[in-house]
file coords25.txt (compact mmCIF, C-alpha atoms and all ligand atoms)
# COMPACT_ATOMS: atom_id res chain seq x y z
CA MET J 25 20.60 -9.72 21.89
CA THR J 26 18.77 -6.43 21.29
CA ARG J 27 15.09 -6.87 20.41
CA HIS J 28 13.41 -4.21 18.36
CA ILE J 29 9.75 -3.53 18.88
CA VAL J 30 7.32 -1.04 17.39
CA THR J 31 4.88 0.50 19.84
CA LEU J 32 1.57 1.76 18.47
CA GLU J 33 -0.29 3.74 21.12
CA GLY J 34 -3.20 4.71 18.86
CA ASP J 35 -6.20 6.59 20.21
CA GLY J 36 -8.29 7.30 23.30
CA ILE J 37 -6.77 5.67 26.38
CA GLY J 38 -4.06 4.14 24.14
CA PRO J 39 -1.33 6.68 24.97
CA GLU J 40 -2.16 6.52 28.70
CA VAL J 41 -1.86 2.73 29.00
CA MET J 42 1.11 2.55 26.61
CA THR J 43 3.10 4.97 28.80
CA GLU J 44 2.82 2.56 31.73
CA ALA J 45 3.70 -0.43 29.54
CA LEU J 46 6.83 1.38 28.34
CA GLY J 47 7.74 2.09 31.97
CA VAL J 48 7.62 -1.65 32.67
CA ILE J 49 9.79 -2.45 29.63
CA ALA J 50 12.32 0.17 30.78
CA TRP J 51 12.37 -1.44 34.23
CA PHE J 52 13.25 -4.83 32.73
CA ASN J 53 15.97 -3.23 30.60
CA GLN J 54 17.47 -1.52 33.64
CA ASN J 55 17.11 -4.33 36.17
CA MET J 56 16.98 -7.69 34.45
CA GLY J 57 19.36 -7.24 31.57
CA SER J 58 16.79 -7.37 28.79
CA ARG J 59 17.57 -5.21 25.79
CA ILE J 60 14.34 -4.11 24.21
CA GLU J 61 14.39 -1.05 22.03
CA ALA J 62 11.00 0.49 21.37
CA ALA J 63 10.29 2.75 18.39
CA PRO J 64 6.90 4.47 18.28
CA GLY J 65 4.65 4.28 15.22
CA ASP J 66 1.29 5.73 14.21
CA ILE J 67 -1.96 3.82 13.82
CA GLY J 68 -5.69 4.46 13.88
CA GLY J 69 -7.28 7.87 14.20
CA MET J 70 -4.10 9.68 15.14
CA SER J 71 -2.50 8.32 11.98
CA ILE J 72 -5.47 9.50 9.89
CA ASP J 73 -4.98 12.98 11.38
CA LYS J 74 -1.24 12.96 10.64
CA HIS J 75 -0.97 11.00 7.40
CA GLY J 76 -4.50 10.71 6.02
CA VAL J 77 -4.48 6.90 6.40
CA PRO J 78 -4.96 4.64 9.44
CA LEU J 79 -1.75 2.72 8.70
CA SER J 80 0.99 4.29 6.63
CA ASP J 81 3.38 2.26 4.46
CA ALA J 82 6.26 3.46 6.64
CA THR J 83 4.65 2.17 9.86
CA LEU J 84 3.71 -1.11 8.19
CA GLU J 85 7.28 -1.56 6.98
CA ALA J 86 8.65 -0.83 10.47
CA CYS J 87 6.25 -3.43 11.92
CA ARG J 88 7.38 -5.99 9.34
CA LYS J 89 11.02 -5.48 10.29
CA ALA J 90 10.41 -5.47 14.06
CA ASP J 91 10.77 -8.49 16.34
CA ALA J 92 7.31 -7.74 17.75
CA VAL J 93 4.62 -5.06 17.73
CA LEU J 94 2.88 -3.76 20.86
CA LEU J 95 -0.41 -1.97 20.26
CA ALA J 96 -2.74 -0.22 22.70
CA ALA J 97 -6.06 0.66 21.02
CA VAL J 98 -7.57 2.44 18.04
CA GLY J 99 -10.79 4.27 17.24
CA GLY J 100 -13.11 6.88 18.63
CA PRO J 101 -16.12 9.06 17.83
CA LYS J 102 -13.97 11.65 16.05
CA TRP J 103 -13.46 9.22 13.15
CA ASP J 104 -16.81 7.42 13.24
CA LYS J 105 -18.19 9.12 10.13
CA ILE J 106 -15.20 8.37 7.90
CA ASP J 107 -15.57 5.79 5.12
CA TYR J 108 -15.35 2.28 6.61
CA LYS J 109 -12.34 1.41 4.44
CA ILE J 110 -10.12 4.09 5.97
CA ARG J 111 -11.45 4.13 9.53
CA PRO J 112 -9.01 3.65 12.45
CA GLU J 113 -10.04 -0.03 12.80
CA ALA J 114 -9.12 -0.63 9.13
CA GLY J 115 -5.49 0.13 10.07
CA LEU J 116 -5.48 -2.66 12.62
CA LEU J 117 -7.16 -5.13 10.25
CA LYS J 118 -4.61 -4.27 7.57
CA LEU J 119 -1.73 -4.79 9.99
CA ARG J 120 -3.05 -8.24 11.02
CA LYS J 121 -3.57 -9.20 7.37
CA GLU J 122 -0.25 -7.89 6.06
CA LEU J 123 1.70 -9.68 8.80
CA ASP J 124 -0.38 -12.84 8.13
CA LEU J 125 -1.16 -13.27 11.82
CA PHE J 126 -3.11 -16.52 11.64
CA ALA J 127 -3.08 -17.57 15.31
CA ASN J 128 -4.88 -15.44 17.87
CA LEU J 129 -4.04 -16.25 21.49
CA ARG J 130 -6.49 -15.11 24.11
CA PRO J 131 -5.75 -16.09 27.69
CA ALA J 132 -8.56 -16.02 30.23
CA LYS J 133 -6.97 -15.98 33.65
CA VAL J 134 -8.77 -15.25 36.89
CA TYR J 135 -6.56 -13.67 39.51
CA ASP J 136 -7.51 -14.80 43.03
CA ALA J 137 -7.89 -11.19 44.13
CA LEU J 138 -10.42 -10.53 41.35
CA VAL J 139 -12.42 -13.73 41.62
CA ASP J 140 -15.55 -11.81 42.64
CA ALA J 141 -15.45 -9.71 39.44
CA SER J 142 -16.82 -12.70 37.48
CA THR J 143 -20.54 -13.16 37.09
CA LEU J 144 -20.01 -16.87 37.78
CA LYS J 145 -19.64 -18.33 41.27
CA SER J 146 -16.12 -17.99 42.63
CA SER J 147 -15.98 -21.77 43.19
CA VAL J 148 -16.36 -22.21 39.40
CA VAL J 149 -13.80 -19.65 38.21
CA LYS J 150 -11.19 -19.71 41.00
CA GLY J 151 -7.76 -20.52 39.61
CA LEU J 152 -9.04 -20.41 36.04
CA ASP J 153 -6.27 -20.22 33.44
CA ILE J 154 -7.34 -21.00 29.88
CA MET J 155 -5.67 -20.17 26.58
CA ILE J 156 -7.88 -20.00 23.51
CA VAL J 157 -6.09 -20.30 20.18
CA ARG J 158 -8.32 -19.01 17.42
CA GLU J 159 -7.54 -19.39 13.73
CA LEU J 160 -7.66 -15.81 12.48
CA THR J 161 -7.19 -15.59 8.73
CA GLY J 162 -9.34 -18.36 7.27
CA GLY J 163 -12.77 -19.96 7.61
CA VAL J 164 -16.19 -18.49 7.02
CA TYR J 165 -15.15 -14.83 7.42
CA PHE J 166 -12.97 -15.09 4.32
CA GLY J 167 -14.36 -18.07 2.35
CA GLU J 168 -15.64 -17.68 -1.22
CA PRO J 169 -18.27 -17.59 -2.60
CA ARG J 170 -19.84 -14.96 -0.42
CA GLY J 171 -22.43 -12.28 -0.94
CA ILE J 172 -26.14 -11.58 -1.13
CA GLU J 173 -27.97 -12.55 -4.34
CA THR J 174 -31.51 -12.21 -5.58
CA LEU J 175 -33.22 -15.43 -6.62
CA PRO J 176 -35.56 -15.77 -9.66
CA ASP J 177 -38.59 -15.74 -7.34
CA GLY J 178 -37.50 -12.41 -5.84
CA GLN J 179 -36.23 -13.81 -2.53
CA ARG J 180 -32.75 -12.81 -1.44
CA ARG J 181 -30.10 -15.30 -0.35
CA GLY J 182 -27.03 -14.61 1.82
CA ILE J 183 -24.01 -16.81 1.26
CA ASN J 184 -20.84 -17.42 3.22
CA THR J 185 -18.49 -20.35 2.82
CA GLN J 186 -16.71 -22.17 5.60
CA VAL J 187 -13.47 -23.42 4.09
CA TYR J 188 -10.21 -24.74 5.52
CA THR J 189 -7.17 -26.34 3.93
CA THR J 190 -4.95 -28.87 5.69
CA ASN J 191 -2.10 -26.35 5.95
CA GLU J 192 -4.32 -23.75 7.60
CA ILE J 193 -5.45 -26.30 10.18
CA ILE J 194 -2.01 -27.77 10.81
CA ARG J 195 -0.22 -24.47 11.35
CA VAL J 196 -2.68 -23.23 13.98
CA ALA J 197 -2.89 -26.64 15.69
CA ARG J 198 0.90 -26.67 15.88
CA VAL J 199 0.83 -23.34 17.73
CA ALA J 200 -1.68 -24.82 20.20
CA PHE J 201 0.38 -27.96 20.85
CA GLU J 202 3.57 -25.94 21.33
CA LEU J 203 1.78 -23.65 23.79
CA ALA J 204 0.34 -26.59 25.72
CA ARG J 205 3.84 -27.95 26.24
CA LYS J 206 4.71 -24.73 28.07
CA ARG J 207 1.51 -24.93 30.15
CA LYS J 208 -0.45 -27.92 31.48
CA ASN J 209 0.15 -30.00 28.36
CA ARG J 210 -3.50 -30.38 27.34
CA VAL J 211 -5.19 -29.36 24.08
CA CYS J 212 -8.92 -29.46 23.42
CA SER J 213 -9.74 -29.06 19.72
CA SER J 214 -13.21 -27.72 19.04
CA GLU J 215 -15.31 -27.86 15.84
CA LYS J 216 -18.62 -29.24 14.58
CA ALA J 217 -17.38 -32.44 12.96
CA ASN J 218 -20.83 -33.92 13.51
CA VAL J 219 -22.49 -31.60 10.96
CA MET J 220 -19.73 -29.88 8.95
CA GLU J 221 -17.21 -31.41 6.53
CA SER J 222 -14.73 -28.65 7.34
CA GLY J 223 -15.08 -29.73 10.99
CA LYS J 224 -14.46 -33.36 10.06
CA LEU J 225 -11.31 -32.35 8.19
CA TRP J 226 -10.25 -30.17 11.13
CA ARG J 227 -10.58 -33.13 13.53
CA GLU J 228 -8.73 -35.52 11.21
CA GLU J 229 -5.83 -33.14 10.61
CA VAL J 230 -5.44 -32.22 14.29
CA THR J 231 -5.48 -35.91 15.20
CA ALA J 232 -2.90 -36.78 12.53
CA LEU J 233 -0.58 -33.96 13.62
CA HIS J 234 -0.92 -35.07 17.23
CA GLN J 235 0.03 -38.63 16.30
CA LYS J 236 2.97 -37.45 14.21
CA ASP J 237 4.59 -34.77 16.37
CA TYR J 238 2.83 -34.21 19.69
CA LYS J 239 1.98 -37.58 21.25
CA ASP J 240 3.25 -36.29 24.60
CA VAL J 241 0.44 -33.69 24.70
CA GLU J 242 -3.01 -34.80 25.89
CA LEU J 243 -5.50 -34.17 23.07
CA SER J 244 -9.30 -34.17 23.31
CA HIS J 245 -12.01 -33.11 20.87
CA MET J 246 -15.22 -31.30 21.67
CA TYR J 247 -18.10 -30.03 19.54
CA ALA J 248 -18.17 -26.24 19.69
CA ASP J 249 -21.68 -26.03 21.15
CA ASN J 250 -20.69 -28.37 23.97
CA CYS J 251 -17.50 -26.34 24.46
CA ALA J 252 -19.61 -23.19 24.92
CA MET J 253 -21.60 -24.99 27.63
CA GLN J 254 -18.56 -26.53 29.32
CA LEU J 255 -16.89 -23.12 29.54
CA LEU J 256 -19.70 -22.05 31.84
CA ARG J 257 -20.24 -25.38 33.62
CA ASN J 258 -16.67 -26.38 34.40
CA PRO J 259 -14.10 -24.04 32.80
CA ALA J 260 -11.25 -25.40 34.92
CA GLN J 261 -11.20 -28.59 32.78
CA PHE J 262 -9.54 -26.65 29.94
CA ASP J 263 -5.92 -25.74 29.35
CA VAL J 264 -5.49 -24.83 25.65
CA ILE J 265 -8.51 -24.74 23.33
CA VAL J 266 -7.83 -24.59 19.60
CA THR J 267 -10.63 -23.73 17.24
CA ASP J 268 -11.52 -22.06 13.95
CA ASN J 269 -12.19 -18.40 13.23
CA LEU J 270 -15.96 -18.36 13.75
CA PHE J 271 -16.17 -20.60 16.82
CA GLY J 272 -13.04 -18.95 18.21
CA ASP J 273 -14.61 -15.52 17.89
CA ILE J 274 -17.49 -16.60 20.12
CA LEU J 275 -15.68 -18.94 22.52
CA SER J 276 -12.84 -16.48 23.20
CA ASP J 277 -15.29 -13.71 24.11
CA GLU J 278 -17.18 -16.11 26.34
CA ALA J 279 -13.98 -17.25 28.06
CA ALA J 280 -12.80 -13.65 28.46
CA MET J 281 -15.96 -12.70 30.24
CA LEU J 282 -15.46 -15.50 32.77
CA THR J 283 -12.82 -13.20 34.22
CA GLY J 284 -15.24 -10.30 34.39
CA SER J 285 -12.98 -7.36 33.53
CA LEU J 286 -12.06 -5.96 30.15
CA GLY J 287 -9.16 -3.92 31.52
CA MET J 288 -7.31 -7.10 32.52
CA LEU J 289 -7.23 -9.09 29.28
CA PRO J 290 -4.22 -9.26 26.94
CA SER J 291 -3.88 -11.02 23.58
CA ALA J 292 -1.31 -12.07 21.04
CA SER J 293 -1.59 -12.68 17.31
CA LEU J 294 1.16 -14.76 15.76
CA GLY J 295 2.31 -15.49 12.23
CA ALA J 296 4.34 -18.34 10.80
CA LEU J 297 7.86 -19.12 11.95
CA ILE J 298 10.06 -18.05 9.03
CA ASN J 299 13.86 -18.30 9.32
CA GLY J 300 13.58 -18.44 13.10
CA LYS J 301 11.40 -15.33 13.28
CA ARG J 302 7.67 -15.12 13.91
CA ALA J 303 5.62 -11.98 13.19
CA ALA J 304 3.74 -11.06 16.35
CA LEU J 305 1.31 -8.42 17.54
CA TYR J 306 0.49 -8.00 21.23
CA GLU J 307 -2.50 -5.94 22.36
CA PRO J 308 -5.11 -5.67 25.08
CA ILE J 309 -8.54 -6.91 23.97
CA HIS J 310 -10.25 -3.68 25.02
CA GLY J 311 -10.80 -0.71 22.73
CA SER J 312 -9.87 2.96 23.05
CA ALA J 313 -12.53 3.60 25.76
CA PRO J 314 -13.41 7.13 24.58
CA ASP J 315 -15.73 7.55 27.59
CA ILE J 316 -12.76 7.66 29.97
CA ALA J 317 -9.96 8.83 27.63
CA GLY J 318 -7.87 11.67 29.00
CA LYS J 319 -9.12 11.19 32.55
CA GLY J 320 -6.10 9.18 33.66
CA ILE J 321 -8.22 6.39 35.13
CA ALA J 322 -7.84 3.59 32.54
CA ASN J 323 -6.53 0.23 33.68
CA PRO J 324 -3.06 -0.31 32.12
CA LEU J 325 -2.80 -3.97 33.23
CA ALA J 326 -4.19 -5.55 30.02
CA THR J 327 -1.50 -3.78 27.99
CA ILE J 328 1.15 -4.63 30.58
CA GLN J 329 0.08 -8.28 30.49
CA SER J 330 0.43 -8.09 26.71
CA VAL J 331 4.07 -7.17 27.42
CA ALA J 332 4.34 -10.33 29.55
CA MET J 333 2.98 -12.35 26.61
CA MET J 334 5.53 -10.69 24.33
CA PHE J 335 8.34 -11.67 26.73
CA ARG J 336 7.10 -15.27 26.78
CA TYR J 337 6.09 -15.93 23.18
CA SER J 338 8.38 -13.68 21.12
CA PHE J 339 11.49 -13.35 23.26
CA ASP J 340 11.62 -16.65 25.17
CA MET J 341 11.82 -14.63 28.39
CA ALA J 342 9.61 -16.89 30.54
CA ARG J 343 11.32 -15.88 33.79
CA GLU J 344 10.71 -12.18 33.12
CA ALA J 345 7.10 -12.87 32.10
CA GLU J 346 6.55 -14.74 35.36
CA THR J 347 8.18 -11.98 37.39
CA LEU J 348 5.86 -9.45 35.79
CA GLU J 349 2.72 -11.56 36.22
CA THR J 350 3.56 -12.30 39.85
CA ALA J 351 4.07 -8.59 40.52
CA ILE J 352 0.65 -7.83 38.98
CA GLU J 353 -0.91 -10.49 41.20
CA SER J 354 0.79 -9.04 44.30
CA VAL J 355 -0.42 -5.52 43.54
CA LEU J 356 -3.98 -6.82 43.23
CA LYS J 357 -3.62 -8.87 46.42
CA ARG J 358 -2.63 -5.70 48.25
CA GLY J 359 -6.02 -4.27 47.29
CA LEU J 360 -4.74 -1.75 44.76
CA ARG J 361 -7.24 -1.22 41.95
CA THR J 362 -8.07 1.04 39.03
CA ALA J 363 -11.69 2.20 38.90
CA ASP J 364 -12.90 -0.56 36.54
CA ILE J 365 -11.93 -3.34 38.97
CA MET J 366 -12.56 -1.40 42.17
CA SER J 367 -14.27 -3.23 45.02
CA GLU J 368 -15.10 -2.44 48.63
CA GLY J 369 -12.18 -2.00 51.00
CA CYS J 370 -9.67 -1.54 48.16
CA LYS J 371 -7.66 1.55 47.25
CA LYS J 372 -8.53 3.27 43.99
CA LEU J 373 -5.55 4.22 41.81
CA SER J 374 -5.14 6.27 38.65
CA THR J 375 -3.48 4.80 35.55
CA LYS J 376 -0.17 6.37 36.52
CA GLU J 377 -0.44 5.30 40.16
CA MET J 378 -1.05 1.72 39.06
CA GLY J 379 2.14 1.91 36.95
CA VAL J 380 4.06 3.29 39.94
CA ALA J 381 2.65 0.58 42.26
CA LEU J 382 3.70 -2.12 39.84
CA ILE J 383 7.25 -0.76 39.51
CA ALA J 384 7.46 -0.57 43.33
CA GLU J 385 6.36 -4.23 43.48
CA LEU J 386 8.98 -5.20 40.89
CA ASN J 387 11.65 -3.35 42.90
CA ALA J 388 10.57 -5.21 46.04
CA THR J 389 10.80 -8.54 44.18
CA LEU J 390 14.31 -7.68 43.05
CA LYS J 391 15.36 -6.71 46.58
CA THR J 392 13.99 -9.96 48.00
CA ALA J 393 15.78 -11.97 45.29
CA LYS J 394 19.09 -10.21 46.05
CA THR J 395 18.88 -10.79 49.81
CA ALA J 396 17.76 -14.43 49.43
P1 LIG Q 1 -14.03 -0.38 24.67
O1 LIG Q 1 -13.33 -1.64 24.97
O2 LIG Q 1 -13.20 0.76 24.23
O3 LIG Q 1 -14.86 0.08 25.96
C1 LIG Q 1 -15.93 -0.67 26.54
C2 LIG Q 1 -16.09 -0.24 28.01
O4 LIG Q 1 -15.00 -0.76 28.79
C3 LIG Q 1 -16.07 1.26 28.22
O5 LIG Q 1 -16.97 1.60 29.25
C4 LIG Q 1 -14.65 1.56 28.65
O6 LIG Q 1 -14.53 2.70 29.48
C5 LIG Q 1 -14.28 0.28 29.41
N1 LIG Q 1 -12.85 0.00 29.29
C6 LIG Q 1 -12.22 -0.51 28.19
N2 LIG Q 1 -10.91 -0.62 28.44
C7 LIG Q 1 -10.70 -0.19 29.69
C8 LIG Q 1 -9.54 -0.06 30.50
N3 LIG Q 1 -8.31 -0.40 30.08
N4 LIG Q 1 -9.69 0.45 31.75
C9 LIG Q 1 -10.90 0.78 32.22
N5 LIG Q 1 -12.04 0.68 31.50
C10 LIG Q 1 -11.93 0.20 30.25
O7 LIG Q 1 -15.15 -0.73 23.58
P2 LIG Q 1 -16.16 0.24 22.80
O8 LIG Q 1 -16.63 1.32 23.71
O9 LIG Q 1 -17.12 -0.65 22.15
O10 LIG Q 1 -15.29 0.90 21.63
C11 LIG Q 1 -14.66 2.17 21.71
C12 LIG Q 1 -13.78 2.38 20.49
O11 LIG Q 1 -12.73 1.41 20.51
C13 LIG Q 1 -14.51 2.17 19.16
O12 LIG Q 1 -14.04 3.13 18.25
C14 LIG Q 1 -14.11 0.78 18.74
O13 LIG Q 1 -14.16 0.59 17.36
C15 LIG Q 1 -12.70 0.71 19.26
N6 LIG Q 1 -12.21 -0.65 19.53
C16 LIG Q 1 -10.91 -0.88 19.25
C17 LIG Q 1 -10.35 -2.10 19.55
C18 LIG Q 1 -8.89 -2.29 19.29
O14 LIG Q 1 -8.17 -1.33 19.17
N7 LIG Q 1 -8.40 -3.52 19.26
C19 LIG Q 1 -11.13 -3.11 20.13
C20 LIG Q 1 -12.46 -2.84 20.43
C21 LIG Q 1 -13.00 -1.59 20.13

call {"tool": "encode", "arguments": {"input": "coords25.txt", "output": "structure tokens"}}
result
Amino acid sequence: MTRHIVTLEGDGIGPEVMTEALGVIAWFNQNMGSRIEAAPGDIGGMSIDKHGVPLSDATLEACRKADAVLLAAVGGPKWDKIDYKIRPEAGLLKLRKELDLFANLRPAKVYDALVDASTLKSSVVKGLDIMIVRELTGGVYFGEPRGIETLPDGQRRGINTQVYTTNEIIRVARVAFELARKRKNRVCSSEKANVMESGKLWREEVTALHQKDYKDVELSHMYADNCAMQLLRNPAQFDVIVTDNLFGDILSDEAAMLTGSLGMLPSASLGALINGKRAALYEPIHGSAPDIAGKGIANPLATIQSVAMMFRYSFDMAREAETLETAIESVLKRGLRTADIMSEGCKKLSTKEMGVALIAELNATLKTAKTA
């Protein structure tokens, strides 16, 4: 089956890292029988320059029709003074909203070869492999009423509302349970049921869904403040963590930093399964890195790992995802590094050289498989 994807390279280092990701996709098409057709689209600052808007209707429509979207990064100083509503970042927010991407998946995986990049002791983070599932379209960032009002006594009051419906909780919890089944089969649901009614509802709904459809998955509950502590104390206890928008924002950044390197972290944002198809956006968590854009030194591995996530979660290509992830691990083990993850005794590579090294590793894997 041919899969159609839209690739949005965006700004800054975006085009540099996307080129290497496309090279990897081409390799899988040529060598492992996958049929992925990529059509480029415009987003962010480059789209403002071309079309006057950060996300044109045509690109949005193409993304809607596609089987998945792969994005690199948007933004940069050139567009910093533009009205907030039409800034490069607004294009990305619009895309997430229009595709109703309610589940944000952020893996935090520590590769053995990069264990010293973490600020935590290697004994704590070695072998770490966590998936945080954050609810992305509800909760306190969107709840009404909201605003700042002036009280009769002249004080001002800021208001935000934390609100969740059963459906919003169930659909994101379902994503977490399904993911856990493909991993170590454990879900930890995190909220503040001790002090928030929305947290109490969250816990009740997750528990009921577990009882109904996912009894085979191990479920635990943890208050979000404890979860923040446990992520530093003993992160290896977690497999999948599912949590709301606000707590997920904080916990996923905390978990990401356990790995110590921005250039290595992919993400996925998923929508509902409708008629067998799920809207999906895959992107590295880093931005457009204007400080190194155009220098050819950006790390393409976060974007390439986003491709691995796309294989696994949109295309059911687990074998290909594993092949790609193993090749990345081997390249790192051989001491090949881009500047951001460079350490003593390793060889420093450019963006392009890292792409070439990865393809060479994939070719070697193929050769070994054929002779075995
Ligand atoms: P950033 O992630 O772009 O960069 C932070 C630091 O990490 C920089 O020193 C950068 O050089 C480095 N870095 C990031 N990715 C790297 C990579 N792949 N390889 C090597 N080094 C890498 O964050 P920022 O500097 O706060 O933001 C820059 C621009 O990116 C802003 O316009 C911001 O709005 C935008 N941004 C976009 C996204 C997105 O597209 N999803 C996310 C965050 C920031």

call {"tool": "residues_around", "arguments": {"input": "coords25.txt", "residues": "J:Lys206", "least_positions_apart": "4", "cutoff": "12 Å", "atoms": "only C-alpha atoms", "output": "list in words"}}
result
Met155, Val199, Ala200, Phe201, Glu202, Arg210, Val211, Val241, Asp263, Val264, Arg336, Tyr337, Asp340 and Ala342 of chain J

call {"tool": "residues_around", "arguments": {"input": "coords25.txt", "residues": "J:Tyr306", "least_positions_apart": "6", "cutoff": "6 Å", "atoms": "all atoms listed in the file", "output": "list of chain:residue names"}}
result
J:Leu94, J:Ser291, J:Ala292, J:Ser330

call {"tool": "closest_residue", "arguments": {"input": "coords25.txt", "among": "J:Ala296, J:Leu79, J:Ile383, J:Ala304", "to": "J:Trp51", "atoms": "only C-alpha atoms"}}
result
J:Ile383

call {"tool": "residues_near_ligand", "arguments": {"input": "coords25.txt", "ligand": "ligand LIG 1 (chain Q)", "cutoff": "8 Å", "atoms": "only C-alpha atoms and all ligand atoms", "output": "MDAnalysis selection string"}}
result
chainID J and resid 34 36:37 41 95:101 103:104 112:113 116 286:288 307:317 321:327 362:365

call {"tool": "write_last_selection", "arguments": {"input": "coords25.txt", "atoms": "C-alpha atoms", "output": "CSV table (one decimal), keeping the file's coordinate frame"}}
result
chain,number,residue,atom,x,y,z
J,34,GLY,CA,-3.2,4.7,18.9
J,36,GLY,CA,-8.3,7.3,23.3
J,37,ILE,CA,-6.8,5.7,26.4
J,41,VAL,CA,-1.9,2.7,29.0
J,95,LEU,CA,-0.4,-2.0,20.3
J,96,ALA,CA,-2.7,-0.2,22.7
J,97,ALA,CA,-6.1,0.7,21.0
J,98,VAL,CA,-7.6,2.4,18.0
J,99,GLY,CA,-10.8,4.3,17.2
J,100,GLY,CA,-13.1,6.9,18.6
J,101,PRO,CA,-16.1,9.1,17.8
J,103,TRP,CA,-13.5,9.2,13.2
J,104,ASP,CA,-16.8,7.4,13.2
J,112,PRO,CA,-9.0,3.6,12.4
J,113,GLU,CA,-10.0,0.0,12.8
J,116,LEU,CA,-5.5,-2.7,12.6
J,286,LEU,CA,-12.1,-6.0,30.2
J,287,GLY,CA,-9.2,-3.9,31.5
J,288,MET,CA,-7.3,-7.1,32.5
J,307,GLU,CA,-2.5,-5.9,22.4
J,308,PRO,CA,-5.1,-5.7,25.1
J,309,ILE,CA,-8.5,-6.9,24.0
J,310,HIS,CA,-10.2,-3.7,25.0
J,311,GLY,CA,-10.8,-0.7,22.7
J,312,SER,CA,-9.9,3.0,23.0
J,313,ALA,CA,-12.5,3.6,25.8
J,314,PRO,CA,-13.4,7.1,24.6
J,315,ASP,CA,-15.7,7.6,27.6
J,316,ILE,CA,-12.8,7.7,30.0
J,317,ALA,CA,-10.0,8.8,27.6
J,321,ILE,CA,-8.2,6.4,35.1
J,322,ALA,CA,-7.8,3.6,32.5
J,323,ASN,CA,-6.5,0.2,33.7
J,324,PRO,CA,-3.1,-0.3,32.1
J,325,LEU,CA,-2.8,-4.0,33.2
J,326,ALA,CA,-4.2,-5.6,30.0
J,327,THR,CA,-1.5,-3.8,28.0
J,362,THR,CA,-8.1,1.0,39.0
J,363,ALA,CA,-11.7,2.2,38.9
J,364,ASP,CA,-12.9,-0.6,36.5
J,365,ILE,CA,-11.9,-3.3,39.0

call {"tool": "closest_residue", "arguments": {"input": "coords25.txt", "among": "J:Thr31, J:Lys109, J:Ala92, J:Asn269", "to": "J:Gly167", "atoms": "all atoms listed in the file"}}
result
J:Asn269

call {"tool": "closest_residue", "arguments": {"input": "coords25.txt", "among": "J:Met25, J:Ala217, J:Leu233, J:Ile156", "to": "J:Asn53", "atoms": "all atoms listed in the file"}}
result
J:Met25

call {"tool": "closest_residue", "arguments": {"input": "coords25.txt", "among": "J:Thr43, J:Ser213, J:Thr389, J:Ser80", "to": "J:Ile328", "atoms": "all atoms listed in the file"}}
result
J:Thr43

call {"tool": "atom_distance", "arguments": {"input": "coords25.txt", "atom1": "atom CA of J:Ala248", "atom2": "atom CA of J:Asn184"}}
result
18.9 Å

call {"tool": "atom_distance", "arguments": {"input": "coords25.txt", "atom1": "atom CA of J:Thr190", "atom2": "atom CA of J:Trp226"}}
result
7.7 Å

call {"tool": "closest_residue", "arguments": {"input": "coords25.txt", "among": "J:Ala204, J:Met334, J:Leu144, J:Val77", "to": "J:Ser293", "atoms": "only C-alpha atoms"}}
result
J:Met334

call {"tool": "atom_distance", "arguments": {"input": "coords25.txt", "atom1": "atom CA of J:Met333", "atom2": "atom CA of J:Leu256"}}
result
25.2 Å

call {"tool": "closest_residue", "arguments": {"input": "coords25.txt", "among": "J:Glu229, J:Glu377, J:Asp268, J:Glu122", "to": "J:Gln186", "atoms": "only C-alpha atoms"}}
result
J:Asp268

call {"tool": "residues_around", "arguments": {"input": "coords25.txt", "residues": "J:Val355", "least_positions_apart": "3", "cutoff": "12 Å", "atoms": "only C-alpha atoms", "output": "JSON, numbers by chain"}}
result
{"J": [135, 136, 137, 138, 325, 348, 349, 350, 351, 352, 358, 359, 360, 361, 362, 370, 371, 372, 373, 377, 378, 379, 380, 381, 382, 383, 384, 385, 386, 388, 389]}

call {"tool": "residues_around", "arguments": {"input": "coords25.txt", "residues": "stretch 272-284 of chain J", "least_positions_apart": "5", "cutoff": "6 Å", "atoms": "only C-alpha atoms", "output": "list in words"}}
result
Ala132, Val134, Ala141, Ser142, Arg158 and Thr267 of chain J

call {"tool": "residues_around", "arguments": {"input": "coords25.txt", "residues": "J:Arg120", "least_positions_apart": "5", "cutoff": "10 Å", "atoms": "all atoms listed in the file", "output": "ChimeraX atom specification"}}
result
/J:114-115,125-126,160-161,293-295,303-305
